[in-house]
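work09.cif follows; it contains mmCIF, N, CA and C atoms.
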data_input
#
loop_
_atom_site.label_atom_id
_atom_site.label_comp_id
_atom_site.auth_asym_id
_atom_site.auth_seq_id
_atom_site.Cartn_x
_atom_site.Cartn_y
_atom_site.Cartn_z
N MET A 932 108.87 71.74 77.10
CA MET A 932 108.92 73.16 77.35
C MET A 932 107.77 73.54 78.29
N GLY A 933 108.03 74.34 79.28
CA GLY A 933 107.04 74.70 80.29
C GLY A 933 106.18 75.87 79.87
N ILE A 934 105.34 76.28 80.77
CA ILE A 934 104.42 77.38 80.51
C ILE A 934 105.16 78.71 80.44
N ALA A 935 106.29 78.82 81.08
CA ALA A 935 107.00 80.09 81.16
C ALA A 935 107.42 80.60 79.78
N GLY A 936 107.63 79.74 78.82
CA GLY A 936 108.06 80.16 77.49
C GLY A 936 106.92 80.53 76.57
N ASN A 937 105.69 80.29 76.97
CA ASN A 937 104.53 80.57 76.12
C ASN A 937 103.89 81.90 76.50
N SER A 938 103.31 82.54 75.46
CA SER A 938 102.62 83.80 75.73
C SER A 938 101.16 83.53 76.07
N MET A 939 100.49 84.54 76.60
CA MET A 939 99.10 84.39 77.00
C MET A 939 98.20 84.14 75.79
N THR A 940 98.57 84.70 74.62
CA THR A 940 97.71 84.55 73.45
C THR A 940 97.76 83.14 72.87
N GLU A 941 98.69 82.32 73.30
CA GLU A 941 98.72 80.94 72.84
C GLU A 941 97.68 80.11 73.59
N PHE A 942 97.27 80.56 74.76
CA PHE A 942 96.28 79.83 75.56
C PHE A 942 94.87 80.37 75.35
N ILE A 943 94.74 81.69 75.20
CA ILE A 943 93.43 82.33 75.07
C ILE A 943 93.43 83.16 73.79
N ASP A 944 92.30 83.11 73.06
CA ASP A 944 92.14 83.90 71.85
C ASP A 944 92.28 85.39 72.20
N PRO A 945 93.00 86.18 71.41
CA PRO A 945 93.20 87.60 71.74
C PRO A 945 91.91 88.39 71.88
N ILE A 946 90.87 88.05 71.12
CA ILE A 946 89.60 88.78 71.24
C ILE A 946 88.98 88.53 72.62
N ILE A 947 89.00 87.28 73.06
CA ILE A 947 88.46 86.95 74.38
C ILE A 947 89.31 87.61 75.46
N LEU A 948 90.61 87.63 75.26
CA LEU A 948 91.50 88.26 76.23
C LEU A 948 91.22 89.76 76.34
N ASN A 949 90.97 90.44 75.21
CA ASN A 949 90.65 91.87 75.25
C ASN A 949 89.32 92.13 75.94
N PHE A 950 88.30 91.27 75.71
CA PHE A 950 87.04 91.42 76.43
C PHE A 950 87.24 91.21 77.92
N LEU A 951 88.08 90.26 78.29
CA LEU A 951 88.39 90.02 79.69
C LEU A 951 89.08 91.23 80.31
N TYR A 952 90.03 91.82 79.59
CA TYR A 952 90.70 93.03 80.07
C TYR A 952 89.71 94.18 80.24
N ALA A 953 88.81 94.35 79.27
CA ALA A 953 87.82 95.44 79.35
C ALA A 953 86.88 95.23 80.53
N PHE A 954 86.46 94.00 80.75
CA PHE A 954 85.57 93.71 81.88
C PHE A 954 86.27 93.97 83.20
N MET A 955 87.51 93.50 83.32
CA MET A 955 88.26 93.73 84.57
C MET A 955 88.50 95.22 84.78
N GLY A 956 88.83 95.94 83.72
CA GLY A 956 89.05 97.38 83.85
C GLY A 956 87.80 98.11 84.27
N GLY A 957 86.64 97.73 83.70
CA GLY A 957 85.38 98.34 84.09
C GLY A 957 85.03 98.06 85.53
N ALA A 958 85.23 96.82 85.96
CA ALA A 958 84.94 96.46 87.35
C ALA A 958 85.85 97.22 88.32
N MET A 959 87.12 97.34 87.97
CA MET A 959 88.04 98.07 88.83
C MET A 959 87.68 99.55 88.90
N THR A 960 87.28 100.14 87.75
CA THR A 960 86.89 101.54 87.74
C THR A 960 85.67 101.79 88.61
N LEU A 961 84.66 100.92 88.51
CA LEU A 961 83.47 101.06 89.36
C LEU A 961 83.82 100.92 90.83
N PHE A 962 84.71 100.00 91.16
CA PHE A 962 85.14 99.82 92.54
C PHE A 962 85.82 101.08 93.07
N PHE A 963 86.73 101.66 92.27
CA PHE A 963 87.42 102.86 92.73
C PHE A 963 86.49 104.06 92.82
N MET A 964 85.48 104.13 91.94
CA MET A 964 84.50 105.21 92.05
C MET A 964 83.70 105.08 93.34
N TRP A 965 83.26 103.88 93.66
CA TRP A 965 82.50 103.62 94.87
C TRP A 965 83.36 103.94 96.10
N THR A 966 84.61 103.49 96.09
CA THR A 966 85.52 103.73 97.20
C THR A 966 85.79 105.23 97.38
N GLY A 967 86.00 105.93 96.29
CA GLY A 967 86.24 107.37 96.35
C GLY A 967 85.05 108.12 96.93
N CYS A 968 83.85 107.71 96.55
CA CYS A 968 82.65 108.36 97.09
C CYS A 968 82.51 108.08 98.58
N LYS A 969 82.78 106.85 99.00
CA LYS A 969 82.68 106.51 100.42
C LYS A 969 83.71 107.29 101.25
N ILE A 970 84.93 107.39 100.75
CA ILE A 970 85.97 108.13 101.47
C ILE A 970 85.61 109.61 101.56
N PHE A 971 85.13 110.17 100.43
CA PHE A 971 84.77 111.59 100.43
C PHE A 971 83.60 111.85 101.37
N ASN A 972 82.65 110.92 101.43
CA ASN A 972 81.49 111.09 102.32
C ASN A 972 81.93 111.14 103.78
N ARG A 973 83.00 110.46 104.13
CA ARG A 973 83.50 110.49 105.51
C ARG A 973 84.29 111.78 105.80
N LEU A 974 84.81 112.43 104.75
CA LEU A 974 85.62 113.63 104.96
C LEU A 974 84.80 114.90 105.11
N VAL A 975 83.64 114.96 104.49
CA VAL A 975 82.84 116.19 104.54
C VAL A 975 81.92 116.19 105.76
N CYS A 976 81.41 117.36 106.11
CA CYS A 976 80.60 117.49 107.33
C CYS A 976 79.11 117.30 107.06
N PHE A 977 78.75 116.77 105.90
CA PHE A 977 77.34 116.48 105.61
C PHE A 977 77.26 115.10 104.98
N ASN A 978 76.04 114.55 104.93
CA ASN A 978 75.82 113.24 104.36
C ASN A 978 75.36 113.42 102.91
N ILE A 979 76.10 112.84 101.98
CA ILE A 979 75.81 113.02 100.56
C ILE A 979 74.44 112.46 100.21
N SER A 980 74.08 111.31 100.76
CA SER A 980 72.78 110.69 100.45
C SER A 980 71.63 111.57 100.90
N ASP A 981 71.74 112.14 102.09
CA ASP A 981 70.67 113.02 102.59
C ASP A 981 70.54 114.28 101.74
N GLU A 982 71.67 114.85 101.35
CA GLU A 982 71.64 116.07 100.54
C GLU A 982 71.07 115.80 99.15
N LEU A 983 71.39 114.65 98.57
CA LEU A 983 70.81 114.31 97.28
C LEU A 983 69.32 114.04 97.39
N ARG A 984 68.89 113.44 98.49
CA ARG A 984 67.47 113.20 98.72
C ARG A 984 66.71 114.52 98.84
N ASN A 985 67.38 115.55 99.37
CA ASN A 985 66.77 116.88 99.51
C ASN A 985 66.93 117.72 98.25
N ALA A 986 67.38 117.12 97.16
CA ALA A 986 67.54 117.77 95.85
C ALA A 986 68.55 118.92 95.89
N ASN A 987 69.65 118.72 96.56
CA ASN A 987 70.73 119.71 96.60
C ASN A 987 71.55 119.57 95.32
N ILE A 988 71.38 120.52 94.43
CA ILE A 988 72.02 120.46 93.11
C ILE A 988 73.54 120.58 93.22
N ALA A 989 74.02 121.38 94.15
CA ALA A 989 75.46 121.56 94.31
C ALA A 989 76.15 120.24 94.67
N VAL A 990 75.54 119.48 95.55
CA VAL A 990 76.11 118.18 95.93
C VAL A 990 76.07 117.21 94.75
N GLY A 991 75.00 117.25 93.98
CA GLY A 991 74.92 116.42 92.79
C GLY A 991 75.99 116.75 91.77
N LEU A 992 76.24 118.03 91.55
CA LEU A 992 77.30 118.45 90.63
C LEU A 992 78.69 118.07 91.14
N MET A 993 78.87 118.20 92.47
CA MET A 993 80.15 117.81 93.06
C MET A 993 80.38 116.31 92.89
N LEU A 994 79.35 115.50 93.11
CA LEU A 994 79.46 114.06 92.96
C LEU A 994 79.70 113.69 91.50
N MET A 995 79.05 114.38 90.59
CA MET A 995 79.28 114.15 89.17
C MET A 995 80.74 114.43 88.81
N GLY A 996 81.30 115.49 89.34
CA GLY A 996 82.70 115.81 89.08
C GLY A 996 83.65 114.75 89.63
N ILE A 997 83.34 114.23 90.81
CA ILE A 997 84.16 113.17 91.39
C ILE A 997 84.13 111.93 90.50
N PHE A 998 82.93 111.54 90.06
CA PHE A 998 82.80 110.35 89.23
C PHE A 998 83.47 110.52 87.87
N ILE A 999 83.32 111.70 87.27
CA ILE A 999 83.96 111.94 85.98
C ILE A 999 85.48 111.92 86.13
N GLY A 1000 85.99 112.55 87.18
CA GLY A 1000 87.44 112.58 87.39
C GLY A 1000 88.03 111.21 87.66
N ILE A 1001 87.44 110.49 88.59
CA ILE A 1001 87.95 109.16 88.92
C ILE A 1001 87.78 108.22 87.74
N GLY A 1002 86.61 108.31 87.07
CA GLY A 1002 86.36 107.43 85.93
C GLY A 1002 87.33 107.67 84.78
N THR A 1003 87.60 108.93 84.49
CA THR A 1003 88.54 109.25 83.41
C THR A 1003 89.95 108.79 83.77
N ALA A 1004 90.38 109.11 84.97
CA ALA A 1004 91.74 108.74 85.38
C ALA A 1004 91.93 107.23 85.41
N MET A 1005 91.03 106.53 86.08
CA MET A 1005 91.17 105.08 86.18
C MET A 1005 90.98 104.40 84.82
N GLY A 1006 90.06 104.92 84.01
CA GLY A 1006 89.86 104.35 82.68
C GLY A 1006 91.10 104.46 81.83
N LEU A 1007 91.77 105.59 81.89
CA LEU A 1007 93.01 105.76 81.13
C LEU A 1007 94.13 104.88 81.67
N VAL A 1008 94.27 104.85 82.98
CA VAL A 1008 95.34 104.05 83.57
C VAL A 1008 95.13 102.57 83.29
N ILE A 1009 93.92 102.09 83.51
CA ILE A 1009 93.65 100.66 83.30
C ILE A 1009 93.69 100.33 81.82
N GLY A 1010 93.06 101.17 81.00
CA GLY A 1010 93.02 100.91 79.57
C GLY A 1010 94.40 100.91 78.93
N LEU A 1011 95.22 101.86 79.28
CA LEU A 1011 96.56 101.90 78.71
C LEU A 1011 97.47 100.87 79.33
N GLY A 1012 97.22 100.53 80.58
CA GLY A 1012 98.07 99.55 81.24
C GLY A 1012 97.83 98.13 80.81
N LEU A 1013 96.59 97.81 80.43
CA LEU A 1013 96.27 96.43 80.07
C LEU A 1013 96.52 96.13 78.60
N ASN A 1014 96.49 97.14 77.74
CA ASN A 1014 96.65 96.86 76.31
C ASN A 1014 98.04 97.10 75.85
#
Could you write out this structure as structure tokens?
Amino acid sequence: MGIAGNSMTEFIDPIILNFLYAFMGGAMTLFFMWTGCKIFNRLVCFNISDELRNANIAVGLMLMGIFIGIGTAMGLVIGLGLN
């Protein structure tokens, strides 16, 4: 009998598999947060890094909202999709 008839849990312990899923989901979420920030920085007419260096609270709150939104959305999608 080939590999096609076996499930993933027969090869890897389910606890290790869940940790692997959580690690991959976290890495993907961080990647999408970084990508979203880079794309948004190219769309606006100011530099986010410079504004944060100048203690612009509005830009900091905007960036916090982006990270919370992307993190929540990707966390739910990845978390529900992998389990």
Rounded to one decimal place, report the atom C of A:Asn985-atom C of A:Ile1001 distance in Å.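 These two atoms are separated by 25.2 Å.
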Sorted by chain and rising residue number, list the residues of stretch 946-989 of chain A at most 8 Å from stretch 1002-1005 of chain A (counting all atoms listed in the file), each with its closest atom pair and distance in Å to one decimal, as a tab-separated table.
residue	atom	partner	partner_atom	distance
A:Gly956	C	A:Met1005	C	7.1
A:Met959	C	A:Met1005	CA	7.1
A:Thr960	CA	A:Met1005	CA	5.8
A:Leu961	N	A:Gly1002	CA	7.2
A:Phe963	C	A:Gly1002	N	7.2
A:Met964	CA	A:Gly1002	N	6.2
Contacts of A:Val990 at 12 Å (only C-alpha atoms; same-chain gap of 5+ positions) as a list in words: Cys968, Phe971, Asn972, Val975, Phe977, Asn978, Ile979, Ser980, Asp981, Glu982, Leu983, Arg984, Asn985, Met995, Gly996 and Ile997 of chain A
How big is the axis-aligned box, and where does its centre sit, when it encloses all atoms of stretch 974-987 of chain A listed in the file and has 3 Å added on every side, reported in Å to one decimal as lines of an AutoDock Vina configuration file?
center_x = 76.2
center_y = 115.2
center_z = 101.3
size_x = 24.9
size_y = 15.0
size_z = 18.0
Rounded to one decimal place, report the atom CA of A:Arg973-atom CA of A:Leu994 distance in Å. 13.7 Å
Residues flagged helix (DSSP H, G or I) by DSSP in chain A, as a VMD selection string: chain A and resid 934 to 936 939 to 941 945 to 974 979 to 984 988 to 1013
Report, in Å with one decimal, the straight-line distance from atom C of A:Met955 to atom CA of A:Gly1010.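 Distance between the two atoms: 8.9 Å.
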